[in-house]
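Chemist: You'll find query_39.cif just under this line, and it carries mmCIF, C-alpha atoms and all ligand atoms.
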data_final
#
loop_
_atom_site.label_atom_id
_atom_site.label_comp_id
_atom_site.auth_asym_id
_atom_site.auth_seq_id
_atom_site.Cartn_x
_atom_site.Cartn_y
_atom_site.Cartn_z
CA MET A 261 25.29 -13.14 -12.12
CA THR A 262 24.91 -9.63 -13.57
CA SER A 263 22.92 -7.51 -11.17
CA ILE A 264 20.02 -5.63 -12.76
CA SER A 265 19.46 -2.14 -11.38
CA LEU A 266 15.99 -0.59 -11.14
CA THR A 267 16.94 1.76 -13.99
CA ARG A 268 17.98 -1.09 -16.29
CA PHE A 269 14.85 -3.09 -15.35
CA LEU A 270 12.59 -0.14 -16.21
CA ILE A 271 14.39 0.58 -19.49
CA GLU A 272 14.06 -3.07 -20.52
CA GLU A 273 10.37 -3.06 -19.51
CA GLN A 274 9.85 0.18 -21.45
CA ARG A 275 11.51 -1.36 -24.53
CA SER A 276 9.66 -4.67 -24.34
CA ARG A 277 6.17 -3.66 -23.30
CA ARG A 278 5.76 0.01 -24.23
CA GLN A 279 3.44 0.36 -21.20
CA ILE A 280 6.11 2.33 -19.41
CA THR A 281 6.49 5.83 -20.82
CA PRO A 282 9.75 7.76 -20.23
CA ASP A 283 7.85 9.99 -17.78
CA LEU A 284 6.54 6.99 -15.81
CA ARG A 285 10.05 5.55 -15.71
CA LEU A 286 11.37 8.89 -14.41
CA LEU A 287 8.56 9.04 -11.82
CA ILE A 288 9.36 5.58 -10.44
CA GLU A 289 13.10 6.32 -10.31
CA VAL A 290 12.47 9.65 -8.52
CA VAL A 291 10.22 7.97 -5.94
CA ALA A 292 12.83 5.23 -5.43
CA ARG A 293 15.55 7.87 -4.92
CA ALA A 294 13.36 9.69 -2.38
CA CYS A 295 12.79 6.39 -0.53
CA LYS A 296 16.57 5.94 -0.31
CA HIS A 297 16.73 9.29 1.50
CA ILE A 298 13.88 8.22 3.81
CA SER A 299 15.67 4.93 4.50
CA LEU A 300 18.85 6.82 5.46
CA ALA A 301 16.92 9.16 7.78
CA ILE A 302 15.13 6.23 9.46
CA GLY A 303 18.35 4.25 9.75
CA ARG A 304 19.96 7.02 11.79
CA GLY A 305 17.16 6.72 14.39
CA ALA A 306 17.92 8.59 17.59
CA LEU A 307 21.29 9.69 16.17
CA GLY A 308 19.46 11.76 13.56
CA GLY A 309 17.23 13.62 16.02
CA VAL A 310 14.19 12.56 13.95
CA LEU A 311 12.34 10.32 16.41
CA GLY A 312 9.28 11.30 18.41
CA ASP A 313 6.27 13.50 17.69
CA ALA A 314 6.32 16.49 15.38
CA GLY A 315 3.84 18.26 17.67
CA ALA A 316 1.07 18.49 15.02
CA ILE A 317 -2.09 16.53 14.15
CA ASN A 318 -2.64 15.42 10.52
CA VAL A 319 -5.87 15.36 8.52
CA GLN A 320 -6.49 11.88 9.90
CA GLY A 321 -6.56 13.27 13.44
CA GLU A 322 -3.34 11.34 14.19
CA ALA A 323 -0.28 12.76 15.96
CA GLN A 324 2.38 13.33 13.27
CA LYS A 325 5.82 11.88 13.89
CA LYS A 326 8.83 13.96 12.90
CA LEU A 327 9.62 11.28 10.32
CA ASP A 328 6.07 11.50 8.87
CA VAL A 329 6.69 15.18 8.13
CA LEU A 330 10.27 14.62 6.91
CA SER A 331 9.27 11.71 4.63
CA ASN A 332 6.45 13.76 3.14
CA GLU A 333 8.82 16.70 2.48
CA ILE A 334 11.42 14.40 0.88
CA LEU A 335 8.81 12.99 -1.53
CA LEU A 336 7.40 16.44 -2.36
CA GLU A 337 10.80 18.02 -3.06
CA ALA A 338 11.99 15.03 -5.11
CA ASN A 339 8.91 15.08 -7.35
CA GLU A 340 8.28 18.81 -7.93
CA TRP A 341 10.83 19.70 -10.63
CA GLY A 342 10.97 16.66 -12.95
CA GLY A 343 8.04 17.60 -15.21
CA HIS A 344 6.44 14.14 -14.84
CA LEU A 345 3.63 15.05 -12.41
CA ALA A 346 0.55 17.28 -12.48
CA ALA A 347 0.00 17.03 -8.71
CA LEU A 348 0.66 14.95 -5.61
CA ALA A 349 -1.58 13.92 -2.70
CA SER A 350 -0.51 12.45 0.61
CA GLU A 351 -1.88 11.09 3.85
CA GLU A 352 -0.08 14.00 5.54
CA MET A 353 -1.71 16.79 3.49
CA ASP A 354 -5.37 17.88 3.62
CA GLU A 355 -5.43 18.87 -0.07
CA PRO A 356 -3.39 17.91 -3.17
CA HIS A 357 -0.07 19.69 -3.73
CA LEU A 358 0.12 21.36 -7.15
CA ILE A 359 3.38 21.46 -9.10
CA PRO A 360 4.71 25.07 -8.75
CA HIS A 361 4.31 27.18 -11.91
CA ARG A 362 8.11 27.55 -12.22
CA TYR A 363 8.30 23.83 -13.11
CA PRO A 364 6.81 21.96 -16.12
CA LYS A 365 3.80 19.73 -15.45
CA GLY A 366 3.38 16.10 -16.51
CA ASN A 367 0.47 13.72 -17.04
CA TYR A 368 0.62 11.68 -13.84
CA LEU A 369 -0.83 12.01 -10.36
CA LEU A 370 1.13 10.55 -7.44
CA VAL A 371 -0.64 9.65 -4.20
CA PHE A 372 1.24 8.23 -1.24
CA ASP A 373 1.48 7.39 2.42
CA PRO A 374 5.00 8.70 3.08
CA LEU A 375 5.57 6.67 6.22
CA ASP A 376 3.08 3.92 6.94
CA GLY A 377 3.15 2.41 10.40
CA SER A 378 5.01 5.39 11.83
CA SER A 379 3.70 4.64 15.33
CA ASN A 380 6.24 1.77 15.19
CA ILE A 381 9.18 4.09 14.50
CA ASP A 382 9.93 4.83 18.15
CA VAL A 383 10.04 1.09 18.96
CA ASN A 384 12.30 0.27 16.00
CA ILE A 385 9.84 -1.93 14.08
CA SER A 386 9.75 -2.00 10.25
CA VAL A 387 7.77 0.79 8.55
CA GLY A 388 7.31 1.71 4.90
CA THR A 389 6.25 4.05 2.13
CA ILE A 390 3.26 3.22 -0.09
CA PHE A 391 2.62 4.92 -3.45
CA SER A 392 0.14 4.78 -6.31
CA VAL A 393 0.33 6.38 -9.78
CA LEU A 394 -2.75 7.56 -11.69
CA ARG A 395 -3.14 9.44 -14.97
CA CYS A 396 -4.16 13.08 -14.74
CA PRO A 397 -7.52 13.41 -16.60
CA GLU A 398 -7.17 14.79 -20.14
CA GLY A 399 -7.06 18.60 -20.31
CA VAL A 400 -6.77 19.11 -16.54
CA THR A 401 -3.86 21.44 -15.79
CA GLU A 402 -4.72 22.38 -12.20
CA PRO A 403 -5.82 19.06 -10.61
CA VAL A 404 -7.93 19.19 -7.47
CA ALA A 405 -8.97 16.39 -5.08
CA GLU A 406 -11.79 15.16 -7.32
CA HIS A 407 -9.28 14.33 -10.11
CA PHE A 408 -7.65 11.79 -7.78
CA LEU A 409 -10.99 10.02 -7.13
CA GLN A 410 -10.37 7.23 -9.65
CA PRO A 411 -11.05 3.52 -8.97
CA GLY A 412 -7.97 1.40 -8.27
CA THR A 413 -8.31 -0.26 -11.68
CA GLU A 414 -7.06 3.05 -13.15
CA GLN A 415 -3.64 2.78 -11.45
CA VAL A 416 -0.71 2.61 -13.90
CA ALA A 417 1.82 1.67 -11.21
CA ALA A 418 1.96 1.01 -7.48
CA GLY A 419 4.58 0.01 -4.97
CA TYR A 420 5.90 0.11 -1.46
CA THR A 421 9.27 0.29 0.23
CA VAL A 422 9.74 -1.54 3.49
CA TYR A 423 12.44 -0.15 5.78
CA GLY A 424 13.39 -3.34 7.59
CA PRO A 425 16.60 -5.34 8.10
CA SER A 426 17.08 -4.47 4.43
CA THR A 427 15.32 -1.75 2.46
CA LEU A 428 13.16 -3.28 -0.28
CA LEU A 429 11.17 -1.70 -3.10
CA VAL A 430 8.28 -3.85 -4.37
CA LEU A 431 6.76 -2.58 -7.60
CA THR A 432 4.15 -3.32 -10.26
CA THR A 433 3.47 -1.48 -13.51
CA GLY A 434 0.77 -3.97 -14.48
CA SER A 435 2.91 -6.94 -15.53
CA GLY A 436 3.69 -8.83 -12.36
CA VAL A 437 5.33 -7.77 -9.11
CA HIS A 438 9.09 -7.39 -8.74
CA GLN A 439 11.34 -6.82 -5.72
CA PHE A 440 14.45 -4.64 -5.53
CA THR A 441 16.90 -4.54 -2.63
CA LEU A 442 18.79 -1.35 -1.77
CA ASP A 443 22.52 -1.96 -2.21
CA ARG A 444 23.81 0.65 0.23
CA GLU A 445 27.38 0.40 -1.06
CA ILE A 446 26.48 1.57 -4.56
CA GLY A 447 23.29 3.40 -3.52
CA SER A 448 21.05 1.58 -6.04
CA PHE A 449 18.00 -0.66 -5.90
CA VAL A 450 18.95 -4.03 -7.43
CA LEU A 451 16.45 -6.61 -8.76
CA THR A 452 16.34 -9.49 -6.25
CA ARG A 453 13.04 -11.24 -7.09
CA ARG A 454 10.97 -11.32 -10.30
CA ASP A 455 7.26 -12.19 -10.45
CA LEU A 456 6.35 -12.61 -6.79
CA ARG A 457 3.41 -15.05 -6.44
CA ILE A 458 1.02 -15.40 -3.48
CA PRO A 459 -0.03 -19.06 -2.88
CA GLU A 460 -3.80 -19.51 -3.25
CA ASP A 461 -4.07 -21.19 0.17
CA THR A 462 -2.54 -20.28 3.50
CA SER A 463 -2.50 -21.12 7.20
CA GLU A 464 -1.35 -17.68 8.36
CA PHE A 465 -3.61 -14.69 9.09
CA ALA A 466 -2.96 -11.12 10.20
CA ILE A 467 -5.54 -9.14 12.16
CA ASN A 468 -5.67 -6.97 15.30
CA MET A 469 -7.47 -9.45 17.60
CA SER A 470 -8.10 -6.79 20.26
CA ASN A 471 -10.96 -5.49 18.06
CA GLN A 472 -12.74 -8.87 17.94
CA ARG A 473 -15.77 -7.82 20.00
CA HIS A 474 -16.36 -4.94 17.53
CA TRP A 475 -16.40 -7.04 14.31
CA GLU A 476 -19.42 -7.87 12.19
CA PRO A 477 -20.83 -11.42 12.73
CA PRO A 478 -19.35 -13.00 9.53
CA MET A 479 -15.89 -11.76 10.55
CA GLN A 480 -16.37 -13.17 14.04
CA ARG A 481 -17.38 -16.55 12.55
CA TYR A 482 -14.55 -16.67 10.00
CA ILE A 483 -11.83 -15.91 12.58
CA GLN A 484 -13.41 -18.27 15.15
CA GLU A 485 -13.15 -21.11 12.60
CA LEU A 486 -9.41 -20.36 12.15
CA LEU A 487 -8.89 -20.33 15.94
CA GLU A 488 -10.63 -23.72 16.31
CA GLY A 489 -7.89 -25.18 14.09
CA LYS A 490 -7.82 -28.98 13.56
CA ALA A 491 -10.79 -29.51 15.91
CA GLY A 492 -12.92 -27.02 13.99
CA PRO A 493 -14.53 -26.89 10.53
CA ARG A 494 -11.25 -25.96 8.84
CA GLY A 495 -9.58 -29.20 9.95
CA ARG A 496 -6.14 -27.60 10.26
CA ASP A 497 -4.28 -25.28 12.58
CA PHE A 498 -3.60 -21.63 11.69
CA ASN A 499 -0.86 -19.22 12.77
CA MET A 500 -1.26 -15.47 13.45
CA ARG A 501 1.01 -12.48 12.87
CA TRP A 502 0.29 -8.75 13.41
CA VAL A 503 3.13 -6.20 12.97
CA ALA A 504 0.75 -3.18 12.92
CA SER A 505 2.70 -1.86 9.94
CA MET A 506 0.62 -2.65 6.86
CA VAL A 507 3.71 -2.64 4.63
CA ALA A 508 5.47 -5.23 6.81
CA ASP A 509 2.38 -7.47 7.04
CA VAL A 510 1.69 -7.20 3.31
CA HIS A 511 5.33 -7.88 2.42
CA ARG A 512 5.23 -11.10 4.44
CA ILE A 513 2.15 -12.13 2.44
CA MET A 514 3.81 -11.17 -0.87
CA THR A 515 6.77 -13.33 0.19
CA ARG A 516 5.14 -16.48 1.68
CA GLY A 517 1.37 -16.04 1.39
CA GLY A 518 -1.20 -15.28 4.07
CA VAL A 519 -4.17 -13.00 4.58
CA PHE A 520 -4.42 -9.50 6.08
CA PHE A 521 -7.63 -8.06 7.50
CA TYR A 522 -8.64 -4.66 8.77
CA PRO A 523 -12.42 -5.23 8.82
CA LEU A 524 -15.14 -2.72 9.54
CA ASP A 525 -15.77 -2.57 13.25
CA ALA A 526 -18.02 -0.69 15.66
CA LYS A 527 -15.16 1.73 16.43
CA THR A 528 -14.41 2.71 12.82
CA ARG A 529 -17.84 2.19 11.25
CA ASP A 530 -18.73 5.89 11.11
CA LYS A 531 -15.44 6.61 9.30
CA GLY A 532 -15.93 3.72 6.83
CA GLY A 533 -12.98 1.71 8.16
CA LYS A 534 -9.41 2.26 9.37
CA LEU A 535 -7.22 2.13 6.26
CA ARG A 536 -7.26 4.71 3.48
CA LEU A 537 -8.51 3.69 0.04
CA LEU A 538 -6.36 5.83 -2.28
CA TYR A 539 -2.89 5.39 -0.75
CA GLU A 540 -3.06 2.20 1.32
CA ALA A 541 -5.81 -0.15 0.10
CA ASN A 542 -5.65 0.51 -3.66
CA PRO A 543 -1.87 0.26 -4.20
CA MET A 544 -1.70 -2.86 -2.01
CA ALA A 545 -4.72 -4.38 -3.79
CA PHE A 546 -3.08 -3.75 -7.20
CA LEU A 547 0.15 -5.44 -6.04
CA VAL A 548 -1.67 -8.38 -4.42
CA GLU A 549 -3.82 -9.05 -7.51
CA GLN A 550 -0.77 -8.78 -9.77
CA ALA A 551 0.84 -11.48 -7.60
CA GLY A 552 -2.17 -13.81 -7.98
CA GLY A 553 -3.93 -12.88 -4.73
CA ALA A 554 -7.29 -11.19 -4.11
CA ALA A 555 -8.38 -7.97 -2.35
CA THR A 556 -11.91 -6.97 -1.28
CA ASP A 557 -13.61 -4.70 1.22
CA GLY A 558 -15.47 -7.77 2.53
CA ARG A 559 -18.17 -7.43 -0.11
CA GLN A 560 -16.63 -6.23 -3.39
CA ARG A 561 -13.28 -6.08 -5.21
CA LEU A 562 -11.33 -3.18 -3.69
CA LEU A 563 -9.99 -1.98 -7.05
CA GLU A 564 -13.56 -1.38 -8.24
CA ARG A 565 -14.56 0.86 -5.31
CA ARG A 566 -15.25 4.38 -6.63
CA PRO A 567 -13.53 6.80 -4.21
CA LEU A 568 -15.79 9.51 -2.75
CA ALA A 569 -13.10 11.53 -0.96
CA LEU A 570 -9.30 11.89 -0.98
CA HIS A 571 -8.84 10.43 2.51
CA GLN A 572 -11.70 7.94 2.36
CA ARG A 573 -11.31 4.86 4.56
CA VAL A 574 -12.38 1.29 3.69
CA PRO A 575 -12.29 -2.20 5.23
CA VAL A 576 -9.39 -4.25 3.79
CA PHE A 577 -9.28 -8.02 3.16
CA LEU A 578 -6.31 -9.10 1.04
CA GLY A 579 -3.96 -12.03 0.37
CA SER A 580 -4.25 -15.72 -0.59
CA ARG A 581 -7.10 -15.93 -3.08
CA ASN A 582 -9.04 -18.92 -1.70
CA GLU A 583 -9.24 -17.44 1.82
CA ILE A 584 -10.28 -13.99 0.59
CA GLU A 585 -12.98 -15.54 -1.60
CA ARG A 586 -14.18 -17.62 1.39
CA VAL A 587 -14.42 -14.73 3.88
CA THR A 588 -16.02 -12.42 1.26
CA ARG A 589 -18.61 -15.11 0.46
CA MET A 590 -19.41 -15.37 4.19
CA HIS A 591 -20.04 -11.60 4.32
CA LEU A 592 -22.30 -11.68 1.24
CA GLU A 593 -24.26 -14.70 2.57
CA HIS A 594 -24.68 -12.86 5.90
CA ASP A 595 -26.05 -9.79 4.08
CA ALA A 596 -28.38 -11.91 1.92
CA ALA A 597 -29.78 -13.68 5.00
CA ARG A 598 -30.64 -10.32 6.54
CA THR A 599 -32.57 -8.95 3.53
P1 LIG A 601 -3.80 -0.91 14.73
C1 LIG A 601 -0.55 1.99 10.83
O1 LIG A 601 -1.02 3.03 11.67
C2 LIG A 601 -1.75 1.48 10.04
O2 LIG A 601 -2.28 2.51 9.27
C3 LIG A 601 -1.33 0.28 9.20
O3 LIG A 601 -0.03 0.38 8.75
C4 LIG A 601 -1.52 -0.90 10.14
O4 LIG A 601 -1.82 -2.11 9.47
C5 LIG A 601 -2.69 -0.46 11.01
O5 LIG A 601 -2.74 0.97 10.96
C6 LIG A 601 -2.51 -0.90 12.45
O6 LIG A 601 -3.70 -0.59 13.14
O7 LIG A 601 -5.27 -0.64 15.04
O8 LIG A 601 -3.43 -2.36 14.90
O9 LIG A 601 -2.84 0.03 15.40
#
Would you write out, as structure tokens, the structure that this file holds?

Modeler:
Amino acid sequence: MTSISLTRFLIEEQRSRRQITPDLRLLIEVVARACKHISLAIGRGALGGVLGDAGAINVQGEAQKKLDVLSNEILLEANEWGGHLAALASEEMDEPHLIPHRYPKGNYLLVFDPLDGSSNIDVNISVGTIFSVLRCPEGVTEPVAEHFLQPGTEQVAAGYTVYGPSTLLVLTTGSGVHQFTLDREIGSFVLTRRDLRIPEDTSEFAINMSNQRHWEPPMQRYIQELLEGKAGPRGRDFNMRWVASMVADVHRIMTRGGVFFYPLDAKTRDKGGKLRLLYEANPMAFLVEQAGGAATDGRQRLLERRPLALHQRVPVFLGSRNEIERVTRMHLEHDAART
């Protein structure tokens, strides 16, 4: 069977749907090439001298790993000169990074988490890169943070790479979700699955159970019903997984279904949640919806949340549609009973 490279896939999409402009195609290919470099750096592990802490704290107040800093630099350098971007924003940078004046500017904004789950790096567990593409508002030549504050429905593309046993790129430009596997011998991403679909029902959930005592009552009740299994109101047993790398947990759901939760809890309430809206929740919500799943913050569709700040955090509920609708309904009924 003829293998279809990412480049050929994007050219054929551009020809057939016209939703992909030449600049967007270039942007996706540049990000994919940068992720190949990140994959190589990660794959060298201790041999590359890139494990461990970088010795700095990022805007999130988290200790930066050397690979967090390296991955961020790789994505910045890869995207500066192509003329497809107006600015970039990243989990690792307080403010957006403008395209230097010596390079031409484009019409897109790229926002990314260069290395999600990096606390797993030193224990050799899968990590990933998450990215989201927005349009730069008309007439804006020097974008600032507020120009990135667009609801997730405005995304023109989103994707993640998961650096696992194989390196995969999972991508949507608004017409389904497609998976590419890095062929290390030729150095290209090759199409390995078209139109990923998330089953509407599931018996597998992902959540950090150690936070249970901090959850809101509807979350406590929903998870308790899953744990009661056959003997409980759900009438069937459930299984649990928690990798603590969002990309790895979400990729499992994209592949075989399931639900992922990082709910509001007493520990993260004052920050609004744990996961970041612009470069974790929104790109994953776009991908999940494009694959037939659902994504909310427990009360409303995540893609409709209007961002208030570049590094804003939100609760995340995503995956198999019927379960997400059920747990969201339980939160809304809880709120209604309190008013
Ligand atoms: P916890 C990784 O730090 C991350 O941002 C996500 O990738 C992951 O799902 C979550 O945090 C893990 O959080 O509280 O289980 O360590």

Chemist: Residues within 6 Å of ligand LIG 601 (chain A) should be enumerated using all atoms listed in the file and returned as a list in words.

Modeler: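 Based on all atoms listed in the file, ligand LIG 601 (chain A) is surrounded within 6 Å by Asp376, Gly377, Asn468, Ala504, Ser505, Met506 and Leu535 of chain A.
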
Chemist: From the set A:Ala292, A:Ala466, A:Leu570, A:Ala545, which residue has the shortest atom-to-atom contact distance to Val319 (chain A), counting only C-alpha atoms?

Modeler: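 Between A:Ala292, A:Ala466, A:Leu570, A:Ala545, the residue approaching Val319 (chain A) most closely is A:Leu570.
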
Chemist: Take CA of Leu563 (chain A) and CA of Arg454 (chain A) and report the distance between them in Å, one decimal.

Modeler: 23.2 Å

Chemist: A:Leu562, A:Ala541, A:Val576, A:Ile317: which is nearest Tyr522 (chain A), counting only C-alpha atoms?

Modeler: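 Smallest separation from Tyr522 (chain A) among the options: A:Val576.
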
Chemist: May I have the residues within 9 Å of Asn380 (chain A) as a VMD selection string, using only C-alpha atoms and disregarding those fewer than 4 positions away in the same chain?

Modeler: chain A and resid 384 to 387 503 to 505

Chemist: May I ask for the distance between CA of Gly343 (chain A) and CA of Pro360 (chain A), given in Å to one decimal place?

Modeler: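 According to the coordinates, CA of Gly343 (chain A) and CA of Pro360 (chain A) are separated by 10.4 Å.
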
Chemist: Calculate how many Å separate CA of Pro411 (chain A) from CA of Val393 (chain A), rounding to one decimal.

Modeler: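 Taking CA of Pro411 (chain A) and CA of Val393 (chain A), their separation equals 11.8 Å.
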
Chemist: Centre and edge lengths, as lines of an AutoDock Vina configuration file, for the axis-aligned box enclosing every listed atom of region 451-467 of chain A with 6 Å of padding on each of the six sides, in Å to one decimal?

Modeler:
center_x = 5.5
center_y = -13.9
center_z = 0.9
size_x = 34.0
size_y = 26.6
size_z = 34.6

Chemist: Considering only C-alpha atoms, return as a VMD selection string whatever protein or nucleic-acid residues lie within 10 Å of Ile280 (chain A), sequence-local ones (same chain, fewer than 5 positions apart) excluded.

Modeler: chain A and resid 270 to 275 285 to 286 416 to 417 433 to 434

Chemist: Rank nothing, just name the residue among A:Met590, A:Leu345, A:Leu300, A:Ile483 nearest to Arg444 (chain A), using all atoms listed in the file.

Modeler: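 For Arg444 (chain A), the nearest of the given residues is A:Leu300.
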
Chemist: Can you patch up region 476-504 of chain A, filling it in to N, CA and C atoms, and show the result as a PDB file, in the frame of the given file?

Modeler:
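The file below, out04.pdb, is the result:
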ATOM      1  N   GLU A 476     -18.115  -7.388  12.672  1.00  0.00           N
ATOM      2  CA  GLU A 476     -19.420  -7.870  12.190  1.00  0.00           C
ATOM      3  C   GLU A 476     -19.495  -9.398  12.378  1.00  0.00           C
ATOM      4  N   PRO A 477     -20.697  -9.971  12.482  1.00  0.00           N
ATOM      5  CA  PRO A 477     -20.830 -11.420  12.730  1.00  0.00           C
ATOM      6  C   PRO A 477     -20.067 -12.324  11.751  1.00  0.00           C
ATOM      7  N   PRO A 478     -20.100 -12.080  10.418  1.00  0.00           N
ATOM      8  CA  PRO A 478     -19.350 -13.000   9.530  1.00  0.00           C
ATOM      9  C   PRO A 478     -17.848 -12.979   9.793  1.00  0.00           C
ATOM     10  N   MET A 479     -17.323 -11.832  10.235  1.00  0.00           N
ATOM     11  CA  MET A 479     -15.890 -11.760  10.550  1.00  0.00           C
ATOM     12  C   MET A 479     -15.603 -12.544  11.815  1.00  0.00           C
ATOM     13  N   GLN A 480     -16.502 -12.403  12.786  1.00  0.00           N
ATOM     14  CA  GLN A 480     -16.370 -13.170  14.040  1.00  0.00           C
ATOM     15  C   GLN A 480     -16.329 -14.661  13.731  1.00  0.00           C
ATOM     16  N   ARG A 481     -17.269 -15.104  12.835  1.00  0.00           N
ATOM     17  CA  ARG A 481     -17.380 -16.550  12.550  1.00  0.00           C
ATOM     18  C   ARG A 481     -16.146 -17.030  11.792  1.00  0.00           C
ATOM     19  N   TYR A 482     -15.708 -16.248  10.814  1.00  0.00           N
ATOM     20  CA  TYR A 482     -14.550 -16.670  10.000  1.00  0.00           C
ATOM     21  C   TYR A 482     -13.304 -16.841  10.888  1.00  0.00           C
ATOM     22  N   ILE A 483     -13.036 -15.854  11.733  1.00  0.00           N
ATOM     23  CA  ILE A 483     -11.830 -15.910  12.580  1.00  0.00           C
ATOM     24  C   ILE A 483     -11.981 -17.028  13.621  1.00  0.00           C
ATOM     25  N   GLN A 484     -13.186 -17.209  14.163  1.00  0.00           N
ATOM     26  CA  GLN A 484     -13.410 -18.270  15.150  1.00  0.00           C
ATOM     27  C   GLN A 484     -13.069 -19.632  14.536  1.00  0.00           C
ATOM     28  N   GLU A 485     -13.449 -19.831  13.274  1.00  0.00           N
ATOM     29  CA  GLU A 485     -13.150 -21.110  12.600  1.00  0.00           C
ATOM     30  C   GLU A 485     -11.631 -21.319  12.486  1.00  0.00           C
ATOM     31  N   LEU A 486     -10.878 -20.211  12.233  1.00  0.00           N
ATOM     32  CA  LEU A 486      -9.410 -20.360  12.150  1.00  0.00           C
ATOM     33  C   LEU A 486      -8.851 -20.736  13.524  1.00  0.00           C
ATOM     34  N   LEU A 487      -9.425 -20.098  14.579  1.00  0.00           N
ATOM     35  CA  LEU A 487      -8.890 -20.330  15.940  1.00  0.00           C
ATOM     36  C   LEU A 487      -9.200 -21.745  16.420  1.00  0.00           C
ATOM     37  N   GLU A 488     -10.284 -22.348  15.892  1.00  0.00           N
ATOM     38  CA  GLU A 488     -10.630 -23.720  16.310  1.00  0.00           C
ATOM     39  C   GLU A 488      -9.677 -24.737  15.689  1.00  0.00           C
ATOM     40  N   GLY A 489      -8.939 -24.321  14.665  1.00  0.00           N
ATOM     41  CA  GLY A 489      -7.890 -25.180  14.090  1.00  0.00           C
ATOM     42  C   GLY A 489      -8.376 -26.572  13.697  1.00  0.00           C
ATOM     43  N   LYS A 490      -7.534 -27.602  13.975  1.00  0.00           N
ATOM     44  CA  LYS A 490      -7.820 -28.980  13.560  1.00  0.00           C
ATOM     45  C   LYS A 490      -9.198 -29.446  14.069  1.00  0.00           C
ATOM     46  N   ALA A 491      -9.551 -29.009  15.285  1.00  0.00           N
ATOM     47  CA  ALA A 491     -10.790 -29.510  15.910  1.00  0.00           C
ATOM     48  C   ALA A 491     -12.032 -28.839  15.288  1.00  0.00           C
ATOM     49  N   GLY A 492     -11.783 -27.784  14.526  1.00  0.00           N
ATOM     50  CA  GLY A 492     -12.920 -27.020  13.990  1.00  0.00           C
ATOM     51  C   GLY A 492     -13.214 -27.365  12.540  1.00  0.00           C
ATOM     52  N   PRO A 493     -14.082 -26.588  11.903  1.00  0.00           N
ATOM     53  CA  PRO A 493     -14.530 -26.890  10.530  1.00  0.00           C
ATOM     54  C   PRO A 493     -13.422 -26.780   9.490  1.00  0.00           C
ATOM     55  N   ARG A 494     -12.317 -26.069   9.826  1.00  0.00           N
ATOM     56  CA  ARG A 494     -11.250 -25.960   8.840  1.00  0.00           C
ATOM     57  C   ARG A 494     -10.331 -27.178   8.819  1.00  0.00           C
ATOM     58  N   GLY A 495     -10.355 -27.961   9.924  1.00  0.00           N
ATOM     59  CA  GLY A 495      -9.580 -29.200   9.950  1.00  0.00           C
ATOM     60  C   GLY A 495      -8.075 -29.031   9.946  1.00  0.00           C
ATOM     61  N   ARG A 496      -7.587 -27.782  10.148  1.00  0.00           N
ATOM     62  CA  ARG A 496      -6.140 -27.600  10.260  1.00  0.00           C
ATOM     63  C   ARG A 496      -5.856 -26.404  11.148  1.00  0.00           C
ATOM     64  N   ASP A 497      -4.641 -26.380  11.694  1.00  0.00           N
ATOM     65  CA  ASP A 497      -4.280 -25.280  12.580  1.00  0.00           C
ATOM     66  C   ASP A 497      -3.800 -24.077  11.777  1.00  0.00           C
ATOM     67  N   PHE A 498      -4.029 -22.877  12.333  1.00  0.00           N
ATOM     68  CA  PHE A 498      -3.600 -21.630  11.690  1.00  0.00           C
ATOM     69  C   PHE A 498      -2.640 -20.890  12.616  1.00  0.00           C
ATOM     70  N   ASN A 499      -1.808 -20.026  12.011  1.00  0.00           N
ATOM     71  CA  ASN A 499      -0.860 -19.220  12.770  1.00  0.00           C
ATOM     72  C   ASN A 499      -1.247 -17.750  12.598  1.00  0.00           C
ATOM     73  N   MET A 500      -0.906 -16.874  13.558  1.00  0.00           N
ATOM     74  CA  MET A 500      -1.260 -15.470  13.450  1.00  0.00           C
ATOM     75  C   MET A 500      -0.024 -14.571  13.543  1.00  0.00           C
ATOM     76  N   ARG A 501      -0.016 -13.518  12.797  1.00  0.00           N
ATOM     77  CA  ARG A 501       1.010 -12.480  12.870  1.00  0.00           C
ATOM     78  C   ARG A 501       0.308 -11.117  12.818  1.00  0.00           C
ATOM     79  N   TRP A 502       0.812 -10.113  13.528  1.00  0.00           N
ATOM     80  CA  TRP A 502       0.290  -8.750  13.410  1.00  0.00           C
ATOM     81  C   TRP A 502       1.403  -7.766  13.761  1.00  0.00           C
ATOM     82  N   VAL A 503       2.022  -7.118  12.746  1.00  0.00           N
ATOM     83  CA  VAL A 503       3.130  -6.200  12.970  1.00  0.00           C
ATOM     84  C   VAL A 503       2.594  -4.808  13.290  1.00  0.00           C
ATOM     85  N   ALA A 504       1.365  -4.522  12.800  1.00  0.00           N
ATOM     86  CA  ALA A 504       0.750  -3.180  12.920  1.00  0.00           C
ATOM     87  C   ALA A 504       1.487  -2.164  12.058  1.00  0.00           C
TER      88      ALA A 504
END
